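Source file: work_22.txt; contents: compact mmCIF, C-alpha atoms.
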```txt
# COMPACT_ATOMS: atom_id res chain seq x y z
CA MET A 999 213.36 64.16 60.53
CA SER A 1000 209.74 64.66 59.44
CA ARG A 1001 206.86 64.55 61.91
CA CYS A 1002 205.02 61.29 62.46
CA LEU A 1003 201.78 60.72 60.59
CA SER A 1004 198.43 61.44 62.17
CA GLU A 1005 195.68 58.83 62.46
CA ASP A 1006 193.91 60.45 59.52
CA ALA A 1007 197.08 60.27 57.44
CA LEU A 1008 197.39 56.57 58.24
CA ALA A 1009 193.79 56.06 57.14
CA ARG A 1010 194.58 57.92 53.93
CA VAL A 1011 197.46 55.49 53.32
CA LEU A 1012 195.09 52.53 53.63
CA ALA A 1013 192.56 54.19 51.33
CA GLU A 1014 195.30 54.81 48.74
CA LEU A 1015 194.93 58.56 49.12
CA ALA A 1016 198.28 59.29 50.79
CA THR A 1017 200.81 61.64 49.24
CA ASP A 1018 204.27 60.50 48.17
CA GLY A 1019 205.72 62.23 51.21
CA GLU A 1020 203.41 60.39 53.61
CA ARG A 1021 204.21 57.06 52.01
CA ALA A 1022 207.91 57.77 52.15
CA HIS A 1023 207.70 58.70 55.81
CA LEU A 1024 205.79 55.52 56.58
CA ALA A 1025 208.45 53.46 54.89
CA SER A 1026 211.18 55.03 56.98
CA CYS A 1027 209.53 55.50 60.39
CA ALA A 1028 209.29 52.44 62.63
CA ALA A 1029 206.76 54.05 64.98
CA CYS A 1030 204.40 55.01 62.15
CA ALA A 1031 204.85 51.57 60.58
CA ARG A 1032 203.84 50.02 63.91
CA ARG A 1033 200.78 52.27 64.15
CA SER A 1034 199.89 51.47 60.58
CA ARG A 1035 200.07 47.74 61.33
CA ARG A 1036 197.80 48.29 64.33
CA LEU A 1037 195.32 50.13 62.14
CA ARG A 1038 195.36 47.25 59.63
CA HIS A 1039 194.80 44.84 62.49
CA ASP A 1040 191.83 46.89 63.67
CA LEU A 1041 190.39 46.85 60.17
CA THR A 1042 190.83 43.08 60.06
CA THR A 1043 188.91 42.85 63.33
CA ILE A 1044 186.14 45.12 62.03
CA THR A 1045 185.91 43.16 58.80
CA GLY A 1046 185.76 39.88 60.70
CA VAL A 1047 182.97 41.14 62.93
CA LEU A 1048 180.95 42.40 59.98
CA ARG A 1049 181.50 39.20 58.00
CA ASP A 1050 181.16 36.53 60.66
CA THR A 1051 178.98 37.75 63.50
CA PRO A 1052 175.23 38.35 63.58
CA GLU A 1053 174.15 41.93 63.85
CA PRO A 1054 172.85 42.61 67.35
CA ARG A 1055 169.27 43.77 67.27
CA PRO A 1056 167.81 46.47 69.42
CA ARG A 1057 166.32 45.07 72.59
CA ALA A 1058 162.57 45.25 72.36
CA THR A 1059 162.02 45.56 76.10
CA ALA A 1060 164.47 48.44 76.36
CA PHE A 1061 162.64 50.15 73.55
CA ARG A 1062 159.29 49.65 75.25
CA ARG A 1063 160.67 50.87 78.55
CA ARG A 1064 162.02 54.01 76.91
CA TRP A 1065 158.74 54.82 75.18
CA LEU A 1066 156.34 53.89 77.94
CA PRO A 1067 156.44 57.28 79.74
CA ALA A 1068 155.99 59.07 76.44
CA ALA A 1069 153.02 56.87 75.58
CA VAL A 1070 151.41 57.54 78.96
CA GLY A 1071 151.98 61.28 78.59
CA LEU A 1072 150.51 61.32 75.11
CA SER A 1073 147.48 59.41 76.31
CA ALA A 1074 146.91 61.93 79.10
CA VAL A 1075 147.18 64.82 76.66
CA ALA A 1076 144.76 63.11 74.29
CA LEU A 1077 142.29 62.56 77.13
CA ALA A 1078 142.51 66.19 78.21
CA LEU A 1079 141.97 67.29 74.63
CA LEU A 1080 138.91 65.07 74.39
CA LEU A 1081 137.46 66.55 77.55
CA TRP A 1082 138.09 70.05 76.31
CA VAL A 1083 136.34 69.28 73.03
CA GLU A 1084 133.41 67.83 74.95
CA VAL A 1085 133.08 70.80 77.25
CA ALA A 1086 133.94 73.71 75.00
CA VAL A 1087 133.02 72.69 71.51
CA TRP A 1088 130.12 70.35 72.11
CA ARG A 1089 128.44 72.80 74.40
CA ALA A 1090 128.87 75.61 71.90
CA VAL A 1091 127.04 73.73 69.18
CA THR A 1092 124.29 72.23 71.36
CA PRO A 1093 121.13 74.46 71.86
CA VAL A 1094 120.62 75.31 75.53
CA PRO A 1095 116.98 75.13 76.83
CA PRO A 1096 115.61 78.59 77.73
CA THR A 1097 115.92 79.42 81.38
CA MET A 1098 112.87 80.46 83.43
CA GLN A 1099 112.35 84.13 84.10
CA PRO A 1100 111.59 85.40 87.67
CA GLN A 1101 108.08 86.57 86.76
CA ASP A 1102 107.28 83.08 85.45
CA VAL A 1103 108.40 81.58 88.72
CA ALA A 1104 106.27 84.06 90.64
CA ALA A 1105 103.19 83.22 88.54
CA ILE A 1106 103.63 79.49 89.13
CA LEU A 1107 104.04 80.03 92.85
CA ALA A 1108 100.90 82.15 92.92
CA ASP A 1109 98.95 79.39 91.18
CA VAL A 1110 100.21 76.81 93.63
CA SER A 1111 99.42 79.02 96.56
CA ALA A 1112 95.92 79.69 95.29
CA SER A 1113 95.24 76.02 94.77
CA LEU A 1114 96.36 75.12 98.24
CA PHE A 1115 94.72 77.85 100.23
CA SER A 1116 91.55 78.70 98.31
CA LEU A 1117 88.29 77.82 100.14
CA THR A 1118 86.07 78.17 97.13
CA GLY A 1119 87.91 75.58 95.06
CA SER A 1120 88.48 78.10 92.34
CA PRO A 1121 92.20 78.77 92.27
CA ALA A 1122 92.16 80.85 89.16
CA THR A 1123 89.62 83.22 90.62
CA ALA A 1124 91.42 83.41 93.91
CA ALA A 1125 94.73 83.98 92.33
CA THR A 1126 93.86 86.46 89.68
CA THR A 1127 90.74 88.34 90.80
CA SER A 1128 89.13 88.97 94.14
CA PRO A 1129 85.64 90.35 93.29
CA ALA A 1130 83.26 91.48 96.00
CA PRO A 1131 80.87 88.71 96.95
CA ALA A 1132 77.36 89.31 95.48
CA ASP A 1133 75.68 86.49 97.38
CA PRO A 1134 75.89 86.14 101.19
CA ASP A 1135 76.37 82.43 100.71
CA ASP A 1136 79.50 83.21 98.78
CA THR A 1137 80.95 85.13 101.71
CA PRO A 1138 83.97 83.34 103.07
CA ILE A 1139 83.14 81.81 106.42
CA THR A 1140 85.17 82.88 109.43
CA LEU A 1141 86.49 80.73 112.23
CA GLU A 1142 84.15 82.40 114.70
CA ALA A 1143 81.09 81.64 112.57
CA MET A 1144 82.27 78.08 112.17
CA ALA A 1145 82.47 77.74 115.97
CA GLN A 1146 78.94 79.10 116.48
CA GLU A 1147 77.57 76.76 113.82
CA LEU A 1148 79.27 73.84 115.53
CA ASP A 1149 77.73 74.81 118.91
CA ARG A 1150 74.32 75.01 117.42
CA THR A 1151 74.62 71.63 115.91
CA LEU A 1152 75.78 70.03 119.17
CA THR A 1153 73.14 71.69 121.43
CA GLY A 1154 70.22 71.09 119.06
CA GLY A 1155 69.65 74.70 118.09
CA GLU A 1156 69.56 76.08 121.69
CA PRO A 1157 71.86 79.01 122.28
CA MET B 715 185.04 36.57 30.73
CA GLU B 716 182.32 34.10 31.70
CA PRO B 717 179.31 34.85 29.48
CA SER B 718 178.43 31.22 28.82
CA ARG B 719 178.22 29.99 32.41
CA SER B 720 175.12 28.06 33.35
CA PRO B 721 172.74 29.47 35.96
CA ASP B 722 173.58 26.67 38.39
CA SER B 723 177.28 27.38 38.25
CA LEU B 724 176.59 31.06 38.77
CA VAL B 725 174.60 30.27 41.90
CA ASP B 726 177.31 27.99 43.19
CA ALA B 727 179.99 30.58 42.60
CA HIS B 728 178.23 33.71 43.84
CA TYR B 729 175.31 32.82 46.11
CA GLY B 730 177.23 32.88 49.40
CA ARG B 731 179.06 36.08 48.56
CA LEU B 732 175.92 37.93 47.47
CA ARG B 733 173.95 36.71 50.47
CA ARG B 734 176.65 37.99 52.79
CA LEU B 735 176.84 41.33 50.97
CA CYS B 736 173.06 41.83 51.01
CA ARG B 737 172.82 40.87 54.67
CA LEU B 738 175.46 43.46 55.41
CA LEU B 739 173.69 46.16 53.43
CA LEU B 740 170.16 45.32 54.59
CA GLY B 741 170.79 44.11 58.12
CA ASP B 742 168.32 41.26 57.75
CA LEU B 743 169.11 37.74 56.60
CA GLU B 744 165.66 36.80 55.31
CA GLU B 745 165.43 40.01 53.35
CA ALA B 746 168.92 39.40 51.97
CA GLU B 747 167.94 35.92 50.77
CA ASP B 748 164.88 37.36 49.01
CA VAL B 749 167.04 39.92 47.26
CA VAL B 750 169.61 37.34 46.18
CA GLN B 751 166.87 35.16 44.70
CA ASP B 752 165.59 38.14 42.73
CA VAL B 753 169.13 38.83 41.53
CA PHE B 754 169.58 35.30 40.23
CA LEU B 755 166.18 35.47 38.55
CA LYS B 756 167.31 38.60 36.72
CA ALA B 757 170.57 36.87 35.83
CA HIS B 758 168.61 33.97 34.39
CA GLU B 759 166.46 36.34 32.33
CA ALA B 760 169.53 38.24 31.16
CA ALA B 761 171.24 35.03 30.10
CA ARG B 762 168.17 33.75 28.31
CA PHE B 763 166.65 36.79 26.67
CA GLY B 764 169.23 39.55 26.71
CA GLN B 765 172.91 40.05 26.29
CA PRO B 766 174.85 38.08 28.90
CA PRO B 767 177.41 40.32 30.60
CA MET B 768 181.10 39.79 30.06
CA ASP B 769 181.77 39.70 33.79
CA TRP B 770 179.00 37.97 35.71
CA GLY B 771 180.60 38.71 39.08
CA ALA B 772 180.57 42.47 38.62
CA TRP B 773 177.12 42.33 37.02
CA LEU B 774 175.66 40.34 39.91
CA THR B 775 177.25 42.66 42.46
CA ARG B 776 175.88 45.73 40.76
CA VAL B 777 172.37 44.29 40.46
CA ALA B 778 172.46 43.13 44.09
CA VAL B 779 173.55 46.54 45.38
CA ASN B 780 170.81 48.25 43.36
CA ALA B 781 168.24 45.76 44.64
CA CYS B 782 169.34 46.50 48.19
CA HIS B 783 168.89 50.21 47.45
CA ASP B 784 165.34 49.57 46.33
CA ARG B 785 164.55 47.45 49.36
CA ARG B 786 165.93 49.99 51.77
CA ARG B 787 164.10 52.79 50.06
CA ALA B 788 160.86 50.85 50.19
CA GLY B 789 161.04 49.60 53.72
CA GLY B 790 160.17 51.44 56.87
CA TRP B 791 158.60 48.09 57.73
CA MET B 792 161.98 46.69 58.65
CA ARG B 793 162.41 49.11 61.53
CA PHE B 794 159.00 48.11 62.82
CA ARG B 795 160.01 44.48 62.47
CA PHE B 796 163.18 45.04 64.48
CA TRP B 797 161.32 46.93 67.17
CA SER B 798 158.71 44.27 67.53
CA THR B 799 161.14 41.36 67.57
CA PRO B 800 161.00 39.74 70.97
CA VAL B 801 164.26 39.60 72.86
CA GLU B 802 163.94 35.82 73.01
CA ASP B 803 164.35 35.67 69.21
CA THR B 804 167.76 37.31 69.22
CA PRO B 805 170.51 34.73 68.82
CA LEU B 806 172.51 33.88 71.86
CA ALA B 807 176.20 34.61 71.55
CA ALA B 808 177.08 31.16 72.83
CA GLU B 809 175.15 29.50 70.01
CA MET B 810 177.52 30.77 67.35
CA LEU B 811 180.80 31.37 69.04
CA GLY B 812 183.26 31.55 66.16
CA PRO B 813 186.87 32.68 66.17
CA VAL B 814 185.91 36.34 65.84
CA ASP B 815 183.37 36.05 68.67
CA ALA B 816 185.97 34.52 70.89
CA ALA B 817 188.57 37.17 70.12
CA VAL B 818 186.34 40.23 70.23
CA GLY B 819 184.10 41.04 73.16
CA ALA B 820 180.36 41.52 72.82
CA GLU B 821 180.62 45.20 73.62
CA THR B 822 183.22 45.76 70.92
CA ARG B 823 181.12 43.87 68.38
CA ARG B 824 178.11 45.97 69.28
CA ARG B 825 180.12 49.20 68.83
CA ILE B 826 181.48 48.05 65.47
CA TRP B 827 178.02 47.22 64.18
CA GLU B 828 176.63 50.52 65.42
CA ALA B 829 179.47 52.43 63.78
CA PHE B 830 178.93 50.57 60.52
CA ARG B 831 175.19 51.29 60.55
CA ALA B 832 175.91 54.95 61.33
CA LEU B 833 177.93 55.28 58.11
CA PRO B 834 176.23 56.82 55.07
CA ARG B 835 174.83 54.22 52.69
CA ARG B 836 177.53 54.73 50.06
CA GLN B 837 180.35 54.37 52.60
CA GLN B 838 178.79 51.13 53.85
CA GLU B 839 178.71 49.78 50.31
CA VAL B 840 182.28 50.79 49.52
CA PHE B 841 183.65 49.35 52.75
CA ALA B 842 181.69 46.12 52.38
CA LEU B 843 182.88 45.54 48.83
CA ARG B 844 186.47 46.66 49.37
CA TYR B 845 187.21 44.99 52.70
CA VAL B 846 184.57 42.39 53.43
CA GLU B 847 184.33 41.15 49.82
CA GLU B 848 188.01 41.97 49.19
CA GLN B 849 187.42 43.49 45.79
CA SER B 850 189.91 45.86 44.21
CA THR B 851 189.24 49.57 43.95
CA PRO B 852 188.50 49.39 40.18
CA GLU B 853 186.08 46.49 40.78
CA VAL B 854 184.27 48.44 43.50
CA ALA B 855 184.11 51.47 41.26
CA ALA B 856 182.66 49.40 38.43
CA ALA B 857 180.11 47.72 40.66
CA LEU B 858 178.88 50.97 42.18
CA GLY B 859 179.20 53.17 39.12
CA LEU B 860 181.71 55.48 40.79
CA THR B 861 185.16 56.74 39.87
CA ALA B 862 188.18 55.20 41.59
CA GLY B 863 188.90 58.50 43.32
CA SER B 864 185.40 58.63 44.73
CA VAL B 865 185.72 55.07 46.01
CA LYS B 866 188.96 55.99 47.79
CA ARG B 867 187.42 59.03 49.43
CA HIS B 868 184.41 57.05 50.67
CA LEU B 869 186.76 54.36 51.91
CA TYR B 870 188.94 56.85 53.77
CA ARG B 871 185.94 58.33 55.60
CA ALA B 872 184.58 54.89 56.42
CA ILE B 873 187.94 53.69 57.81
CA ARG B 874 188.25 56.80 59.95
CA GLN B 875 184.77 56.40 61.46
CA LEU B 876 185.02 52.66 62.00
CA ARG B 877 188.45 52.95 63.59
CA ARG B 878 187.01 55.41 66.11
CA SER B 879 184.39 52.85 67.11
CA LEU B 880 187.15 50.71 68.56
CA GLY B 881 188.45 53.55 70.70
CA ASP B 882 191.82 53.12 72.42
CA ARG B 883 191.50 49.46 73.17
CA THR B 884 194.88 48.62 71.60
```

Reformat the file's structure so that it appears as structure tokens.
Amino acid sequence: MSRCLSEDALARVLAELATDGERAHLASCAACARRSRRLRHDLTTITGVLRDTPEPRPRATAFRRRWLPAAVGLSAVALALLLWVEVAVWRAVTPVPPTMQPQDVAAILADVSASLFSLTGSPATAATTSPAPADPDDTPITLEAMAQELDRTLTGGEP
Amino acid sequence: MEPSRSPDSLVDAHYGRLRRLCRLLLGDLEEAEDVVQDVFLKAHEAARFGQPPMDWGAWLTRVAVNACHDRRRAGGWMRFRFWSTPVEDTPLAAEMLGPVDAAVGAETRRRIWEAFRALPRRQQEVFALRYVEEQSTPEVAAALGLTAGSVKRHLYRAIRQLRRSLGDRT
């Protein structure tokens, strides 16, 4: 007795590709004939579904749910890329203003200091040059002299 | 066989069959109806200006299958349309509960449709014409421009894949 036909062999019978031996076995084997009938019944079911039922469409919400994390991730990556472009590339092409050198800072501070603390009202002279006074009136007045002058004024010239 | 048929009689005889075939190949009813209208327009032009075919049935089938090819090749839009279709627009099973719906569960129907869509295009066409349209192997071969042997091989592969979609339910 020959072996029973496989599922593929039964499909070959339906597709008219079976050999004479396979067809002969099918005609003589009750079990294979039963399986072949079942396969025909399945094909009838498949045909009926394809002919008479609407094709189910993919569920839009399921699709959105599946792609939402990916969309969020892509947005984050895009944002990071944008920031990187801003920081790295934009900065590289934008001219940076020249920074101040230490000696410049010192010069400015000297000017400010001279303006604040000069008694002659001539900051440039005080800051840059300190020549010897040629006129006694130009001599800087001391605190002690200021006190004596104040006494004289208050006592009417009497020591 | 029927070269002198009027356009109206052609529509009456073949419209339903072609609409069903195109819906099966395209997966979209509106698109299928557009294609079938184009097919009948070509049939009208062929009858009026050209040589009317000897067998209108085979001619219409061949033109419809080729038109479906062109539509499928042209359209990535259809996938977008499916994706963007709201769930509320999908038909409820209860609205169209026919004999097949009653006998076969929703999950089985879904698996069958998925298996059919997973088949290569040529296998879908061969199976649709041979089993759904119940044409003979020589008719399918003539409609698709294939040899009979090629039709049988495509059919064998399609049967094997579709049978697996049902699993061991029997």

Identify which of the residues B:Ala857, B:Ala761, B:Val840, B:Val725 lies closest to chain A, counting only C-alpha atoms when measuring atom-to-atom distances.
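Of all the options, B:Val840 lies closest to chain A.
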
Leu860 in chain B: which residues within 12 Å, counting all atoms listed in the file, same-chain residues fewer than 3 positions away excluded, as a list in words?
Arg776, Arg836, Gln837, Glu839, Val840, Thr851, Pro852, Glu853, Val854, Ala855, Ala856, Ala857, Gly863, Ser864, Val865, Lys866, Arg867 and His868 of chain B

File of the preceding selection, C-alpha atoms, as a short mmCIF file (atom, residue, chain, number, x, y, z; two decimals), keeping the file's coordinate frame:
```
data_model
loop_
_atom_site.label_atom_id
_atom_site.label_comp_id
_atom_site.auth_asym_id
_atom_site.auth_seq_id
_atom_site.Cartn_x
_atom_site.Cartn_y
_atom_site.Cartn_z
CA ARG B 776 175.88 45.73 40.76
CA ARG B 836 177.53 54.73 50.06
CA GLN B 837 180.35 54.37 52.60
CA GLU B 839 178.71 49.78 50.31
CA VAL B 840 182.28 50.79 49.52
CA THR B 851 189.24 49.57 43.95
CA PRO B 852 188.50 49.39 40.18
CA GLU B 853 186.08 46.49 40.78
CA VAL B 854 184.27 48.44 43.50
CA ALA B 855 184.11 51.47 41.26
CA ALA B 856 182.66 49.40 38.43
CA ALA B 857 180.11 47.72 40.66
CA GLY B 863 188.90 58.50 43.32
CA SER B 864 185.40 58.63 44.73
CA VAL B 865 185.72 55.07 46.01
CA LYS B 866 188.96 55.99 47.79
CA ARG B 867 187.42 59.03 49.43
CA HIS B 868 184.41 57.05 50.67
#
```

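Coordinates place CA of Gly881 in chain B at a distance of 20.1 Å from CA of Cys1002 in chain A.
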
CA of Trp770 in chain B to CA of Leu743 in chain B, distance in Å rounded to a single decimal:
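These two atoms are separated by 23.1 Å.
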
Box in all listed atoms of range 767-775 of chain B, axis-aligned, with 4 Å more on each side; write out centre and edge lengths in Å to one decimal as lines of an AutoDock Vina configuration file.
```
center_x = 178.7
center_y = 40.3
center_z = 36.3
size_x = 14.1
size_y = 12.7
size_z = 20.4
```

Find the residues in chain A near chain B: any atom within 12 Å counts, using only C-alpha atoms. Write them as a ChimeraX atom specification.
/A:1004-1016,1032-1062,1065

Between CA of Gln875 in chain B and CA of His728 in chain B - distance in Å to one decimal:
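Pair CA of His728 in chain B / CA of Gln875 in chain B returns 29.5 Å.
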
Using all atoms listed in the file for the distances, tell me which of B:Cys782, B:Leu858, B:Leu774, B:Leu833 is nearest to Phe754 in chain B.
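Looking only at the distances to Phe754 in chain B, the closest residue turns out to be B:Leu774.
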
Can you save range 741-794 of chain B of the given block to a file, including C-alpha atoms and formatted as a PDB file, in the first residue's frame?
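What ended up in result_26.pdb:
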```pdb
ATOM      1  CA  GLY B 741      -8.951  46.198  -2.468  1.00  0.00           C
ATOM      2  CA  ASP B 742     -11.097  49.291  -2.910  1.00  0.00           C
ATOM      3  CA  LEU B 743     -14.647  49.391  -4.232  1.00  0.00           C
ATOM      4  CA  GLU B 744     -14.661  52.975  -5.500  1.00  0.00           C
ATOM      5  CA  GLU B 745     -11.401  52.437  -7.310  1.00  0.00           C
ATOM      6  CA  ALA B 746     -12.772  49.211  -8.781  1.00  0.00           C
ATOM      7  CA  GLU B 747     -15.848  51.014 -10.109  1.00  0.00           C
ATOM      8  CA  ASP B 748     -13.627  53.651 -11.748  1.00  0.00           C
ATOM      9  CA  VAL B 749     -11.585  50.946 -13.428  1.00  0.00           C
ATOM     10  CA  VAL B 750     -14.660  49.093 -14.671  1.00  0.00           C
ATOM     11  CA  GLN B 751     -16.039  52.290 -16.191  1.00  0.00           C
ATOM     12  CA  ASP B 752     -12.745  52.819 -17.998  1.00  0.00           C
ATOM     13  CA  VAL B 753     -12.876  49.227 -19.235  1.00  0.00           C
ATOM     14  CA  PHE B 754     -16.346  49.660 -20.703  1.00  0.00           C
ATOM     15  CA  LEU B 755     -15.270  52.933 -22.302  1.00  0.00           C
ATOM     16  CA  LYS B 756     -12.435  51.083 -24.016  1.00  0.00           C
ATOM     17  CA  ALA B 757     -14.863  48.354 -25.045  1.00  0.00           C
ATOM     18  CA  HIS B 758     -17.119  50.974 -26.576  1.00  0.00           C
ATOM     19  CA  GLU B 759     -14.206  52.497 -28.487  1.00  0.00           C
ATOM     20  CA  ALA B 760     -13.057  49.066 -29.631  1.00  0.00           C
ATOM     21  CA  ALA B 761     -16.536  48.202 -30.859  1.00  0.00           C
ATOM     22  CA  ARG B 762     -16.942  51.503 -32.647  1.00  0.00           C
ATOM     23  CA  PHE B 763     -13.546  52.244 -34.119  1.00  0.00           C
ATOM     24  CA  GLY B 764     -11.501  49.068 -34.008  1.00  0.00           C
ATOM     25  CA  GLN B 765     -11.893  45.382 -34.481  1.00  0.00           C
ATOM     26  CA  PRO B 766     -14.399  43.962 -31.997  1.00  0.00           C
ATOM     27  CA  PRO B 767     -12.934  40.924 -30.252  1.00  0.00           C
ATOM     28  CA  MET B 768     -14.316  37.475 -30.882  1.00  0.00           C
ATOM     29  CA  ASP B 769     -14.740  36.820 -27.176  1.00  0.00           C
ATOM     30  CA  TRP B 770     -15.840  39.917 -25.278  1.00  0.00           C
ATOM     31  CA  GLY B 771     -15.664  38.156 -21.914  1.00  0.00           C
ATOM     32  CA  ALA B 772     -11.995  37.269 -22.208  1.00  0.00           C
ATOM     33  CA  TRP B 773     -11.218  40.659 -23.744  1.00  0.00           C
ATOM     34  CA  LEU B 774     -12.927  42.538 -20.916  1.00  0.00           C
ATOM     35  CA  THR B 775     -11.193  40.412 -18.294  1.00  0.00           C
ATOM     36  CA  ARG B 776      -7.800  41.009 -19.834  1.00  0.00           C
ATOM     37  CA  VAL B 777      -8.329  44.764 -20.124  1.00  0.00           C
ATOM     38  CA  ALA B 778      -9.647  44.933 -16.550  1.00  0.00           C
ATOM     39  CA  VAL B 779      -6.664  43.033 -15.141  1.00  0.00           C
ATOM     40  CA  ASN B 780      -4.254  45.286 -17.025  1.00  0.00           C
ATOM     41  CA  ALA B 781      -6.095  48.373 -15.810  1.00  0.00           C
ATOM     42  CA  CYS B 782      -5.812  47.101 -12.247  1.00  0.00           C
ATOM     43  CA  HIS B 783      -2.072  46.641 -12.817  1.00  0.00           C
ATOM     44  CA  ASP B 784      -1.783  50.242 -13.899  1.00  0.00           C
ATOM     45  CA  ARG B 785      -3.786  51.506 -10.949  1.00  0.00           C
ATOM     46  CA  ARG B 786      -1.776  49.523  -8.459  1.00  0.00           C
ATOM     47  CA  ARG B 787       1.468  50.632 -10.007  1.00  0.00           C
ATOM     48  CA  ALA B 788       0.363  54.243  -9.896  1.00  0.00           C
ATOM     49  CA  GLY B 789      -1.058  54.347  -6.427  1.00  0.00           C
ATOM     50  CA  GLY B 790       0.784  54.717  -3.187  1.00  0.00           C
ATOM     51  CA  TRP B 791      -2.116  57.050  -2.446  1.00  0.00           C
ATOM     52  CA  MET B 792      -4.336  54.102  -1.647  1.00  0.00           C
ATOM     53  CA  ARG B 793      -2.240  53.079   1.320  1.00  0.00           C
ATOM     54  CA  PHE B 794      -2.437  56.616   2.638  1.00  0.00           C
TER      55      PHE B 794
END
```
